[in-house]
file work.cif (mmCIF, N, CA and C atoms and all ligand atoms)
data_model
#
loop_
_atom_site.label_atom_id
_atom_site.label_comp_id
_atom_site.auth_asym_id
_atom_site.auth_seq_id
_atom_site.Cartn_x
_atom_site.Cartn_y
_atom_site.Cartn_z
N MET N 123 72.10 36.50 -35.68
CA MET N 123 72.79 35.40 -36.38
C MET N 123 73.58 35.98 -37.55
N ARG N 124 74.87 35.63 -37.60
CA ARG N 124 75.72 36.08 -38.72
C ARG N 124 76.30 34.85 -39.41
N ILE N 125 76.23 34.85 -40.72
CA ILE N 125 76.72 33.73 -41.51
C ILE N 125 77.65 34.26 -42.58
N ALA N 126 78.79 33.58 -42.78
CA ALA N 126 79.67 33.87 -43.92
C ALA N 126 79.37 32.84 -45.00
N ILE N 127 79.31 33.30 -46.23
CA ILE N 127 79.05 32.38 -47.34
C ILE N 127 80.04 32.67 -48.46
N GLY N 128 80.56 31.60 -49.05
CA GLY N 128 81.51 31.75 -50.15
C GLY N 128 81.39 30.58 -51.09
N SER N 129 81.71 30.84 -52.34
CA SER N 129 81.63 29.78 -53.34
C SER N 129 82.64 30.02 -54.45
N ASP N 130 82.89 28.97 -55.23
CA ASP N 130 83.61 29.18 -56.48
C ASP N 130 82.58 29.46 -57.58
N HIS N 131 83.08 29.53 -58.83
CA HIS N 131 82.21 29.88 -59.95
C HIS N 131 81.09 28.86 -60.18
N ALA N 132 81.31 27.62 -59.74
CA ALA N 132 80.35 26.55 -60.01
C ALA N 132 79.12 26.61 -59.11
N ALA N 133 79.14 27.50 -58.14
CA ALA N 133 78.01 27.56 -57.21
C ALA N 133 77.52 28.99 -56.99
N VAL N 134 77.89 29.90 -57.88
CA VAL N 134 77.47 31.30 -57.71
C VAL N 134 75.94 31.42 -57.73
N LEU N 135 75.31 30.70 -58.62
CA LEU N 135 73.84 30.81 -58.71
C LEU N 135 73.19 30.29 -57.44
N LEU N 136 73.70 29.17 -56.94
CA LEU N 136 73.16 28.62 -55.69
C LEU N 136 73.39 29.61 -54.55
N LYS N 137 74.58 30.17 -54.49
CA LYS N 137 74.89 31.15 -53.43
C LYS N 137 73.93 32.34 -53.50
N THR N 138 73.71 32.84 -54.69
CA THR N 138 72.82 34.00 -54.86
C THR N 138 71.41 33.68 -54.37
N ARG N 139 70.92 32.52 -54.74
CA ARG N 139 69.56 32.13 -54.34
C ARG N 139 69.47 31.95 -52.82
N VAL N 140 70.50 31.39 -52.24
CA VAL N 140 70.50 31.18 -50.79
C VAL N 140 70.53 32.53 -50.06
N ILE N 141 71.36 33.45 -50.53
CA ILE N 141 71.43 34.78 -49.89
C ILE N 141 70.06 35.47 -49.98
N GLU N 142 69.43 35.39 -51.13
CA GLU N 142 68.10 36.00 -51.29
C GLU N 142 67.10 35.42 -50.30
N ALA N 143 67.20 34.11 -50.08
CA ALA N 143 66.24 33.45 -49.18
C ALA N 143 66.52 33.78 -47.72
N LEU N 144 67.80 34.02 -47.38
CA LEU N 144 68.15 34.27 -45.97
C LEU N 144 67.89 35.72 -45.57
N LYS N 145 67.92 36.63 -46.56
CA LYS N 145 67.78 38.07 -46.27
C LYS N 145 66.54 38.41 -45.45
N PRO N 146 65.36 37.93 -45.85
CA PRO N 146 64.16 38.31 -45.09
C PRO N 146 64.14 37.76 -43.66
N LEU N 147 64.92 36.72 -43.41
CA LEU N 147 65.03 36.21 -42.04
C LEU N 147 65.97 37.16 -41.31
N ASP N 148 66.02 37.08 -40.01
CA ASP N 148 66.84 38.03 -39.27
C ASP N 148 68.30 37.55 -39.26
N ILE N 149 68.90 37.46 -40.45
CA ILE N 149 70.24 36.88 -40.57
C ILE N 149 71.13 37.85 -41.34
N ASP N 150 72.29 38.09 -40.77
CA ASP N 150 73.29 38.95 -41.41
C ASP N 150 74.19 38.04 -42.25
N VAL N 151 74.08 38.13 -43.56
CA VAL N 151 74.84 37.23 -44.43
C VAL N 151 76.02 37.98 -45.04
N ILE N 152 77.22 37.49 -44.77
CA ILE N 152 78.44 38.12 -45.29
C ILE N 152 78.84 37.33 -46.54
N ASP N 153 78.73 37.97 -47.69
CA ASP N 153 79.05 37.31 -48.96
C ASP N 153 80.52 37.52 -49.28
N LEU N 154 81.29 36.43 -49.25
CA LEU N 154 82.74 36.51 -49.46
C LEU N 154 83.13 36.16 -50.90
N GLY N 155 82.14 36.18 -51.81
CA GLY N 155 82.42 35.90 -53.21
C GLY N 155 82.43 34.41 -53.51
N THR N 156 82.73 34.07 -54.68
CA THR N 156 83.06 34.86 -55.83
C THR N 156 81.81 35.43 -56.47
N GLU N 157 82.01 36.32 -57.40
CA GLU N 157 80.91 36.84 -58.20
C GLU N 157 81.16 36.44 -59.65
N GLY N 158 80.10 36.22 -60.38
CA GLY N 158 80.24 35.95 -61.81
C GLY N 158 80.72 34.54 -62.09
N ASP N 159 80.86 34.25 -63.39
CA ASP N 159 81.15 32.87 -63.78
C ASP N 159 82.61 32.65 -64.19
N GLN N 160 83.46 33.62 -63.93
CA GLN N 160 84.88 33.43 -64.25
C GLN N 160 85.47 32.37 -63.32
N SER N 161 86.24 31.46 -63.92
CA SER N 161 86.79 30.35 -63.15
C SER N 161 87.74 30.83 -62.06
N VAL N 162 87.50 30.33 -60.85
CA VAL N 162 88.34 30.65 -59.69
C VAL N 162 88.68 29.35 -58.98
N ASP N 163 89.52 29.43 -57.96
CA ASP N 163 89.95 28.22 -57.24
C ASP N 163 89.24 28.13 -55.89
N TYR N 164 88.52 27.03 -55.70
CA TYR N 164 87.69 26.91 -54.49
C TYR N 164 88.48 27.00 -53.18
N PRO N 165 89.79 26.59 -53.11
CA PRO N 165 90.48 26.74 -51.82
C PRO N 165 90.56 28.20 -51.35
N ASP N 166 90.59 29.13 -52.30
CA ASP N 166 90.65 30.54 -51.90
C ASP N 166 89.39 30.97 -51.16
N PHE N 167 88.27 30.41 -51.56
CA PHE N 167 86.99 30.78 -50.93
C PHE N 167 86.74 29.96 -49.67
N ALA N 168 87.27 28.75 -49.67
CA ALA N 168 87.25 27.95 -48.43
C ALA N 168 88.00 28.71 -47.33
N LYS N 169 89.14 29.27 -47.70
CA LYS N 169 89.97 30.01 -46.72
C LYS N 169 89.23 31.23 -46.19
N LYS N 170 88.58 31.98 -47.06
CA LYS N 170 87.84 33.17 -46.61
C LYS N 170 86.74 32.80 -45.62
N VAL N 171 85.97 31.76 -45.97
CA VAL N 171 84.87 31.35 -45.09
C VAL N 171 85.44 30.83 -43.77
N ALA N 172 86.48 29.99 -43.86
CA ALA N 172 87.08 29.39 -42.67
C ALA N 172 87.64 30.47 -41.74
N GLN N 173 88.29 31.46 -42.31
CA GLN N 173 88.87 32.53 -41.49
C GLN N 173 87.79 33.35 -40.79
N ALA N 174 86.68 33.56 -41.46
CA ALA N 174 85.56 34.28 -40.83
C ALA N 174 85.04 33.48 -39.64
N VAL N 175 85.02 32.16 -39.78
CA VAL N 175 84.50 31.31 -38.69
C VAL N 175 85.48 31.26 -37.53
N VAL N 176 86.75 30.99 -37.81
CA VAL N 176 87.70 30.85 -36.69
C VAL N 176 87.94 32.19 -35.97
N SER N 177 87.76 33.29 -36.68
CA SER N 177 87.91 34.60 -36.03
C SER N 177 86.66 34.97 -35.22
N LYS N 178 85.65 34.12 -35.30
CA LYS N 178 84.39 34.30 -34.57
C LYS N 178 83.63 35.54 -35.03
N SER N 179 83.89 36.00 -36.25
CA SER N 179 83.11 37.14 -36.73
C SER N 179 81.76 36.69 -37.28
N VAL N 180 81.58 35.38 -37.40
CA VAL N 180 80.27 34.84 -37.80
C VAL N 180 79.95 33.63 -36.92
N ASP N 181 78.70 33.22 -36.94
CA ASP N 181 78.28 32.05 -36.15
C ASP N 181 78.64 30.74 -36.85
N PHE N 182 78.53 30.73 -38.15
CA PHE N 182 78.97 29.57 -38.93
C PHE N 182 79.15 29.97 -40.38
N GLY N 183 79.68 29.05 -41.17
CA GLY N 183 79.95 29.35 -42.57
C GLY N 183 79.25 28.40 -43.51
N ILE N 184 78.99 28.89 -44.71
CA ILE N 184 78.46 28.05 -45.78
C ILE N 184 79.45 28.14 -46.93
N ALA N 185 79.92 26.98 -47.38
CA ALA N 185 80.94 26.92 -48.44
C ALA N 185 80.39 26.08 -49.59
N MET N 186 80.55 26.60 -50.80
CA MET N 186 79.96 25.92 -51.95
C MET N 186 80.95 25.84 -53.10
N CYS N 187 80.95 24.70 -53.77
CA CYS N 187 81.64 24.57 -55.05
C CYS N 187 80.75 23.68 -55.92
N GLY N 188 81.30 23.09 -56.95
CA GLY N 188 80.44 22.30 -57.84
C GLY N 188 79.75 21.16 -57.11
N THR N 189 80.53 20.44 -56.33
CA THR N 189 79.98 19.30 -55.58
C THR N 189 79.95 19.54 -54.08
N GLY N 190 80.67 20.53 -53.61
CA GLY N 190 80.86 20.72 -52.17
C GLY N 190 82.04 19.92 -51.63
N ILE N 191 82.58 19.04 -52.47
CA ILE N 191 83.66 18.16 -51.98
C ILE N 191 84.96 18.94 -51.81
N GLY N 192 85.40 19.57 -52.88
CA GLY N 192 86.69 20.26 -52.83
C GLY N 192 86.73 21.34 -51.76
N ILE N 193 85.66 22.10 -51.68
CA ILE N 193 85.68 23.24 -50.74
C ILE N 193 85.58 22.75 -49.30
N SER N 194 84.94 21.60 -49.08
CA SER N 194 84.92 21.06 -47.71
C SER N 194 86.28 20.49 -47.33
N ILE N 195 86.93 19.82 -48.27
CA ILE N 195 88.29 19.31 -47.99
C ILE N 195 89.21 20.48 -47.64
N ALA N 196 89.13 21.53 -48.45
CA ALA N 196 90.01 22.69 -48.22
C ALA N 196 89.71 23.36 -46.88
N ALA N 197 88.44 23.57 -46.59
CA ALA N 197 88.08 24.25 -45.33
C ALA N 197 88.56 23.46 -44.12
N ASN N 198 88.52 22.13 -44.24
CA ASN N 198 88.93 21.29 -43.10
C ASN N 198 90.43 21.33 -42.83
N LYS N 199 91.20 21.94 -43.72
CA LYS N 199 92.65 22.12 -43.47
C LYS N 199 92.93 23.28 -42.52
N VAL N 200 91.91 24.11 -42.29
CA VAL N 200 92.11 25.28 -41.43
C VAL N 200 91.82 24.86 -39.99
N LYS N 201 92.77 25.14 -39.12
CA LYS N 201 92.66 24.74 -37.71
C LYS N 201 91.38 25.30 -37.09
N GLY N 202 90.64 24.45 -36.45
CA GLY N 202 89.41 24.88 -35.79
C GLY N 202 88.16 24.68 -36.62
N ILE N 203 88.36 24.31 -37.88
CA ILE N 203 87.19 24.13 -38.76
C ILE N 203 86.73 22.69 -38.76
N ARG N 204 85.42 22.53 -38.63
CA ARG N 204 84.76 21.23 -38.85
C ARG N 204 83.73 21.47 -39.95
N ALA N 205 84.16 21.21 -41.18
CA ALA N 205 83.28 21.43 -42.34
C ALA N 205 82.61 20.12 -42.72
N ALA N 206 81.31 20.17 -42.87
CA ALA N 206 80.53 18.97 -43.21
C ALA N 206 79.88 19.16 -44.57
N LEU N 207 80.13 18.21 -45.46
CA LEU N 207 79.44 18.20 -46.74
C LEU N 207 78.05 17.62 -46.50
N VAL N 208 77.03 18.43 -46.69
CA VAL N 208 75.66 17.97 -46.41
C VAL N 208 74.89 17.86 -47.72
N TYR N 209 73.99 16.89 -47.77
CA TYR N 209 73.26 16.66 -49.03
C TYR N 209 71.78 16.42 -48.84
N ASP N 210 71.31 16.52 -47.62
CA ASP N 210 69.87 16.49 -47.37
C ASP N 210 69.63 17.05 -45.96
N THR N 211 68.37 17.13 -45.55
CA THR N 211 68.11 17.76 -44.25
C THR N 211 68.60 16.88 -43.09
N LEU N 212 68.64 15.58 -43.30
CA LEU N 212 69.13 14.70 -42.23
C LEU N 212 70.63 14.93 -41.98
N THR N 213 71.41 14.94 -43.05
CA THR N 213 72.85 15.15 -42.85
C THR N 213 73.12 16.57 -42.34
N ALA N 214 72.31 17.52 -42.76
CA ALA N 214 72.48 18.89 -42.25
C ALA N 214 72.22 18.94 -40.75
N ARG N 215 71.15 18.30 -40.31
CA ARG N 215 70.82 18.30 -38.87
C ARG N 215 71.89 17.55 -38.07
N LEU N 216 72.29 16.39 -38.56
CA LEU N 216 73.28 15.59 -37.82
C LEU N 216 74.66 16.25 -37.81
N ALA N 217 74.96 17.03 -38.84
CA ALA N 217 76.24 17.75 -38.87
C ALA N 217 76.37 18.66 -37.65
N LYS N 218 75.25 19.20 -37.20
CA LYS N 218 75.27 20.02 -35.98
C LYS N 218 75.14 19.14 -34.73
N GLU N 219 74.16 18.23 -34.71
CA GLU N 219 73.88 17.46 -33.50
C GLU N 219 75.06 16.57 -33.10
N HIS N 220 75.70 15.93 -34.07
CA HIS N 220 76.74 14.96 -33.75
C HIS N 220 78.15 15.51 -33.93
N ASN N 221 78.34 16.36 -34.93
CA ASN N 221 79.70 16.78 -35.30
C ASN N 221 80.01 18.22 -34.91
N ASN N 222 79.01 18.94 -34.45
CA ASN N 222 79.17 20.36 -34.13
C ASN N 222 79.92 21.09 -35.26
N ALA N 223 79.49 20.81 -36.48
CA ALA N 223 80.12 21.45 -37.65
C ALA N 223 80.00 22.96 -37.53
N ASN N 224 81.04 23.66 -37.96
CA ASN N 224 80.95 25.12 -37.99
C ASN N 224 80.98 25.66 -39.42
N VAL N 225 81.09 24.75 -40.37
CA VAL N 225 80.90 25.09 -41.79
C VAL N 225 80.07 23.98 -42.42
N ILE N 226 79.06 24.34 -43.19
CA ILE N 226 78.39 23.33 -44.01
C ILE N 226 78.72 23.62 -45.47
N ALA N 227 78.98 22.55 -46.20
CA ALA N 227 79.35 22.66 -47.61
C ALA N 227 78.30 21.98 -48.45
N MET N 228 78.09 22.53 -49.63
CA MET N 228 77.12 21.93 -50.55
C MET N 228 77.52 22.25 -51.99
N GLY N 229 76.90 21.56 -52.91
CA GLY N 229 77.32 21.66 -54.30
C GLY N 229 76.32 22.36 -55.20
N GLY N 230 76.83 23.30 -55.96
CA GLY N 230 75.98 24.01 -56.92
C GLY N 230 75.51 23.13 -58.06
N ARG N 231 76.25 22.04 -58.32
CA ARG N 231 75.85 21.13 -59.39
C ARG N 231 75.05 19.94 -58.87
N THR N 232 74.89 19.86 -57.56
CA THR N 232 74.25 18.68 -56.97
C THR N 232 73.04 19.02 -56.11
N THR N 233 72.87 20.30 -55.79
CA THR N 233 71.85 20.71 -54.82
C THR N 233 70.99 21.82 -55.40
N THR N 234 69.69 21.68 -55.30
CA THR N 234 68.80 22.76 -55.75
C THR N 234 68.75 23.86 -54.69
N PRO N 235 68.41 25.08 -55.09
CA PRO N 235 68.28 26.15 -54.09
C PRO N 235 67.25 25.81 -53.02
N GLU N 236 66.16 25.20 -53.41
CA GLU N 236 65.11 24.85 -52.45
C GLU N 236 65.65 23.87 -51.40
N ASP N 237 66.37 22.85 -51.87
CA ASP N 237 66.96 21.89 -50.93
C ASP N 237 68.02 22.55 -50.06
N ALA N 238 68.83 23.42 -50.67
CA ALA N 238 69.89 24.09 -49.91
C ALA N 238 69.29 24.89 -48.75
N ILE N 239 68.22 25.59 -49.02
CA ILE N 239 67.60 26.43 -47.99
C ILE N 239 67.03 25.56 -46.87
N MET N 240 66.41 24.45 -47.25
CA MET N 240 65.88 23.54 -46.21
C MET N 240 67.02 22.95 -45.38
N MET N 241 68.14 22.65 -46.03
CA MET N 241 69.29 22.10 -45.31
C MET N 241 69.88 23.12 -44.34
N ILE N 242 69.97 24.36 -44.78
CA ILE N 242 70.51 25.42 -43.91
C ILE N 242 69.59 25.63 -42.71
N GLU N 243 68.29 25.61 -42.95
CA GLU N 243 67.35 25.77 -41.84
C GLU N 243 67.45 24.60 -40.87
N ALA N 244 67.60 23.39 -41.41
CA ALA N 244 67.73 22.21 -40.54
C ALA N 244 68.98 22.33 -39.68
N PHE N 245 70.07 22.81 -40.27
CA PHE N 245 71.32 23.00 -39.52
C PHE N 245 71.14 24.07 -38.44
N MET N 246 70.53 25.19 -38.80
CA MET N 246 70.38 26.30 -37.85
C MET N 246 69.46 25.94 -36.69
N ASN N 247 68.48 25.10 -36.97
CA ASN N 247 67.50 24.74 -35.92
C ASN N 247 68.00 23.62 -35.01
N ALA N 248 69.09 22.99 -35.39
CA ALA N 248 69.60 21.85 -34.61
C ALA N 248 70.51 22.35 -33.48
N LYS N 249 70.65 21.50 -32.47
CA LYS N 249 71.54 21.82 -31.33
C LYS N 249 72.58 20.70 -31.20
N PHE N 250 73.80 21.09 -30.89
CA PHE N 250 74.85 20.09 -30.64
C PHE N 250 74.49 19.25 -29.43
N GLU N 251 74.65 17.94 -29.56
CA GLU N 251 74.39 17.04 -28.43
C GLU N 251 75.72 16.77 -27.73
N THR N 252 75.82 17.28 -26.50
CA THR N 252 77.13 17.30 -25.82
C THR N 252 77.67 15.89 -25.54
N ARG N 253 76.82 14.85 -25.64
CA ARG N 253 77.35 13.49 -25.45
C ARG N 253 78.40 13.16 -26.52
N HIS N 254 78.46 13.95 -27.59
CA HIS N 254 79.45 13.70 -28.64
C HIS N 254 80.74 14.50 -28.44
N GLN N 255 80.82 15.25 -27.35
CA GLN N 255 81.97 16.15 -27.17
C GLN N 255 83.30 15.41 -27.17
N LYS N 256 83.33 14.20 -26.60
CA LYS N 256 84.59 13.43 -26.55
C LYS N 256 85.15 13.21 -27.95
N ARG N 257 84.26 12.94 -28.92
CA ARG N 257 84.74 12.71 -30.30
C ARG N 257 85.22 14.02 -30.94
N ILE N 258 84.54 15.10 -30.61
CA ILE N 258 84.97 16.40 -31.13
C ILE N 258 86.36 16.73 -30.58
N ASP N 259 86.57 16.42 -29.30
CA ASP N 259 87.88 16.67 -28.70
C ASP N 259 88.95 15.85 -29.41
N LYS N 260 88.60 14.63 -29.80
CA LYS N 260 89.58 13.79 -30.52
C LYS N 260 89.86 14.32 -31.92
N ILE N 261 88.86 14.90 -32.55
CA ILE N 261 89.10 15.55 -33.85
C ILE N 261 90.08 16.71 -33.65
N THR N 262 89.81 17.51 -32.63
CA THR N 262 90.69 18.67 -32.35
C THR N 262 92.11 18.20 -32.08
N ALA N 263 92.23 17.07 -31.37
CA ALA N 263 93.57 16.56 -31.04
C ALA N 263 94.33 16.13 -32.29
N LEU N 264 93.62 15.80 -33.36
CA LEU N 264 94.29 15.42 -34.61
C LEU N 264 95.00 16.60 -35.27
N GLU N 265 94.55 17.82 -34.92
CA GLU N 265 95.19 19.00 -35.49
C GLU N 265 96.60 19.09 -34.91
N GLY N 266 97.58 19.02 -35.74
CA GLY N 266 98.95 19.08 -35.24
C GLY N 266 99.49 17.76 -34.77
N ASP N 267 98.70 16.67 -34.90
CA ASP N 267 99.18 15.34 -34.52
C ASP N 267 100.20 14.86 -35.56
N ARG N 268 101.39 14.58 -35.13
CA ARG N 268 102.45 14.15 -36.06
C ARG N 268 102.74 12.65 -35.94
N SER N 269 101.93 11.92 -35.15
CA SER N 269 102.23 10.51 -34.94
C SER N 269 101.74 9.63 -36.09
C1 LIG N 301 85.26 23.37 -60.54
O1 LIG N 301 85.03 23.05 -61.87
C2 LIG N 301 84.97 22.16 -59.67
O2 LIG N 301 86.02 21.25 -59.74
C3 LIG N 301 84.74 22.58 -58.24
O3 LIG N 301 83.67 23.46 -58.20
C4 LIG N 301 84.38 21.49 -57.24
O4 LIG N 301 83.32 20.71 -57.69
C5 LIG N 301 85.48 20.71 -56.69
O5 LIG N 301 85.31 19.89 -55.77
#
call {"tool": "encode", "arguments": {"input": "work.cif", "output": "C-alpha cells"}}
result
Amino acid sequence: MRIAIGSDHAAVLLKTRVIEALKPLDIDVIDLGTEGDQSVDYPDFAKKVAQAVVSKSVDFGIAMCGTGIGISIAANKVKGIRAALVYDTLTARLAKEHNNANVIAMGGRTTTPEDAIMMIEAFMNAKFETRHQKRIDKITALEGDRS
C-alpha cells in the first residue's frame, strides 16, 4: 500500500502524527510537504497529492489544510480526482463505499490525530460498492462538461 500525503502549514502537525502512526503498518507513505509553519498555499499541495494519485504512483492520497475544505475543493479540480472531506469514521468509510474517493481530506484545526488515524483506517478497510458505479460514471462525465 502506497499513500501520498500533503498539507499546508495549518495541518503540518496532524500530517506528522499521521505519518508516524502509519509507518509501523506496512504502508509506504510519500510525504509531499509542506514542512514547518511558514505560510503556504493549499492548492499547491492539493496539486502534488492529486498528481501522485492520477499518475497511479500511489493507491490514494491524504490532503490536509486547516479545515480540509480548501484543499478538497482544489484537489477536485484535477481530472480523475474524487476528494472527500471526511470528519468521522462513518464519512471516511462511506467515502470509499459509495463515492470511491481516491483522496481523503481532513483539517488540522478540526481533527485530532487520534481521530484522523481512525478515519484513515476506516477508509483503507472499506471496499467500493459497485452498485454506485453509475453515479461515479456521471461524476466523471461532468469533467469537461460545457453544457
Ligand atoms: C490557511 O490559513 C487556511 O485558510 C487553510 O488551511 C484552509 O483551512 C482553507 O480551507
call {"tool": "residues_near_ligand", "arguments": {"input": "work.cif", "ligand": "ligand LIG 301 (chain N)", "cutoff": "6 Å", "atoms": "all atoms listed in the file", "output": "list in words"}}
result
Asp130, Ala132, Cys187, Gly188, Thr189, Gly190, Ile191, Gly192 and Ile193 of chain N
call {"tool": "residues_around", "arguments": {"input": "work.cif", "residues": "Val140 of chain N", "least_positions_apart": "5", "cutoff": "6.5 Å", "atoms": "only N, CA and C atoms", "output": "list in words"}}
result
Leu135, Lys145, Pro235 and Ile239 of chain N
call {"tool": "atom_distance", "arguments": {"input": "work.cif", "atom1": "atom N of Lys199 of chain N", "atom2": "atom CA of Glu265 of chain N"}}
result
9.6 Å
call {"tool": "atom_distance", "arguments": {"input": "work.cif", "atom1": "atom CA of Met246 of chain N", "atom2": "atom CA of Ile125 of chain N"}}
result
10.4 Å
call {"tool": "atom_distance", "arguments": {"input": "work.cif", "atom1": "atom CA of Glu243 of chain N", "atom2": "atom CA of Val200 of chain N"}}
result
24.8 Å
call {"tool": "select_by_dssp", "arguments": {"input": "work.cif", "residues": "chain N", "states": "strand (DSSP E or B)", "output": "number ranges by chain"}}
result
N: 124-129, 150-153, 182-187, 205-207, 225-229
call {"tool": "closest_residue", "arguments": {"input": "work.cif", "among": "N:Leu216, N:Leu147, N:Lys137, N:Asn224", "to": "Asp181 of chain N", "atoms": "all atoms listed in the file"}}
result
N:Asn224
call {"tool": "select_by_dssp", "arguments": {"input": "work.cif", "residues": "segment 126-226 of chain N", "states": "alpha helix (DSSP H)", "output": "ChimeraX atom specification"}}
result
/N:134-144,164-176,191-197,211-219
call {"tool": "closest_residue", "arguments": {"input": "work.cif", "among": "N:Met241, N:Met123, N:Met228, N:Ile184", "to": "Asp210 of chain N", "atoms": "all atoms listed in the file"}}
result
N:Met241
call {"tool": "residues_around", "arguments": {"input": "work.cif", "residues": "segment 258-264 of chain N", "least_positions_apart": "2", "cutoff": "8 Å", "atoms": "all atoms listed in the file", "output": "CSV table (one decimal) with N, CA and C atoms, in the frame of the given file"}}
result
chain,number,residue,atom,x,y,z
N,202,GLY,N,90.6,24.4,-36.4
N,202,GLY,CA,89.4,24.9,-35.8
N,202,GLY,C,88.2,24.7,-36.6
N,220,HIS,N,75.7,15.9,-34.1
N,220,HIS,CA,76.7,15.0,-33.8
N,220,HIS,C,78.2,15.5,-33.9
N,221,ASN,N,78.3,16.4,-34.9
N,221,ASN,CA,79.7,16.8,-35.3
N,221,ASN,C,80.0,18.2,-34.9
N,222,ASN,N,79.0,18.9,-34.4
N,222,ASN,CA,79.2,20.4,-34.1
N,222,ASN,C,79.9,21.1,-35.3
N,253,ARG,N,76.8,14.8,-25.6
N,253,ARG,CA,77.4,13.5,-25.4
N,253,ARG,C,78.4,13.2,-26.5
N,254,HIS,N,78.5,14.0,-27.6
N,254,HIS,CA,79.4,13.7,-28.6
N,254,HIS,C,80.7,14.5,-28.4
N,255,GLN,N,80.8,15.2,-27.4
N,255,GLN,CA,82.0,16.2,-27.2
N,255,GLN,C,83.3,15.4,-27.2
N,256,LYS,N,83.3,14.2,-26.6
N,256,LYS,CA,84.6,13.4,-26.6
N,256,LYS,C,85.2,13.2,-28.0
N,266,GLY,N,97.6,19.0,-35.7
N,266,GLY,CA,99.0,19.1,-35.2
N,266,GLY,C,99.5,17.8,-34.8
N,267,ASP,N,98.7,16.7,-34.9
N,267,ASP,CA,99.2,15.3,-34.5
N,267,ASP,C,100.2,14.9,-35.6
N,268,ARG,N,101.4,14.6,-35.1
N,268,ARG,CA,102.4,14.2,-36.1
N,268,ARG,C,102.7,12.6,-35.9
call {"tool": "residues_around", "arguments": {"input": "work.cif", "residues": "Ile226 of chain N", "least_positions_apart": "4", "cutoff": "8 Å", "atoms": "only N, CA and C atoms", "output": "PyMOL selection string"}}
result
chain N and resi 182-186+190+193-194+204-208+214+217
call {"tool": "closest_residue", "arguments": {"input": "work.cif", "among": "N:Val134, N:Ile127, N:Ala223, N:Ala172", "to": "Leu154 of chain N", "atoms": "all atoms listed in the file"}}
result
N:Ile127
call {"tool": "residues_near_point", "arguments": {"input": "work.cif", "point": "(89.1, 28.9, -38.2)", "cutoff": "6.5 Å", "atoms": "all atoms listed in the file", "output": "list of chain:residue names"}}
result
N:Ala172, N:Gln173, N:Ala174, N:Val175, N:Val176, N:Ser177, N:Val200, N:Lys201, N:Gly202, N:Ile203
call {"tool": "build_atoms", "arguments": {"input": "work.cif", "residues": "segment 144-155 of chain N", "atoms": "N, CA, C and O atoms", "output": "CSV table (one decimal), keeping the file's coordinate frame"}}
result
chain,number,residue,atom,x,y,z
N,144,LEU,N,67.8,34.0,-47.4
N,144,LEU,CA,68.2,34.3,-46.0
N,144,LEU,C,67.9,35.7,-45.6
N,144,LEU,O,67.7,36.0,-44.4
N,145,LYS,N,67.9,36.6,-46.6
N,145,LYS,CA,67.8,38.1,-46.3
N,145,LYS,C,66.5,38.4,-45.4
N,145,LYS,O,66.6,39.1,-44.5
N,146,PRO,N,65.4,37.9,-45.8
N,146,PRO,CA,64.2,38.3,-45.1
N,146,PRO,C,64.1,37.8,-43.7
N,146,PRO,O,63.4,38.3,-42.8
N,147,LEU,N,64.9,36.7,-43.4
N,147,LEU,CA,65.0,36.2,-42.0
N,147,LEU,C,66.0,37.2,-41.3
N,147,LEU,O,66.7,38.0,-41.9
N,148,ASP,N,66.0,37.1,-40.0
N,148,ASP,CA,66.8,38.0,-39.3
N,148,ASP,C,68.3,37.6,-39.3
N,148,ASP,O,68.9,37.3,-38.2
N,149,ILE,N,68.9,37.5,-40.4
N,149,ILE,CA,70.2,36.9,-40.6
N,149,ILE,C,71.1,37.8,-41.3
N,149,ILE,O,70.7,38.3,-42.4
N,150,ASP,N,72.3,38.1,-40.8
N,150,ASP,CA,73.3,39.0,-41.4
N,150,ASP,C,74.2,38.0,-42.2
N,150,ASP,O,74.9,37.2,-41.7
N,151,VAL,N,74.1,38.1,-43.6
N,151,VAL,CA,74.8,37.2,-44.4
N,151,VAL,C,76.0,38.0,-45.0
N,151,VAL,O,75.8,39.0,-45.7
N,152,ILE,N,77.2,37.5,-44.8
N,152,ILE,CA,78.4,38.1,-45.3
N,152,ILE,C,78.8,37.3,-46.5
N,152,ILE,O,79.3,36.2,-46.4
N,153,ASP,N,78.7,38.0,-47.7
N,153,ASP,CA,79.0,37.3,-49.0
N,153,ASP,C,80.5,37.5,-49.3
N,153,ASP,O,81.0,38.6,-49.6
N,154,LEU,N,81.3,36.4,-49.2
N,154,LEU,CA,82.7,36.5,-49.5
N,154,LEU,C,83.1,36.2,-50.9
N,154,LEU,O,84.3,35.9,-51.2
N,155,GLY,N,82.1,36.2,-51.8
N,155,GLY,CA,82.4,35.9,-53.2
N,155,GLY,C,82.4,34.4,-53.5
N,155,GLY,O,82.1,33.6,-52.6
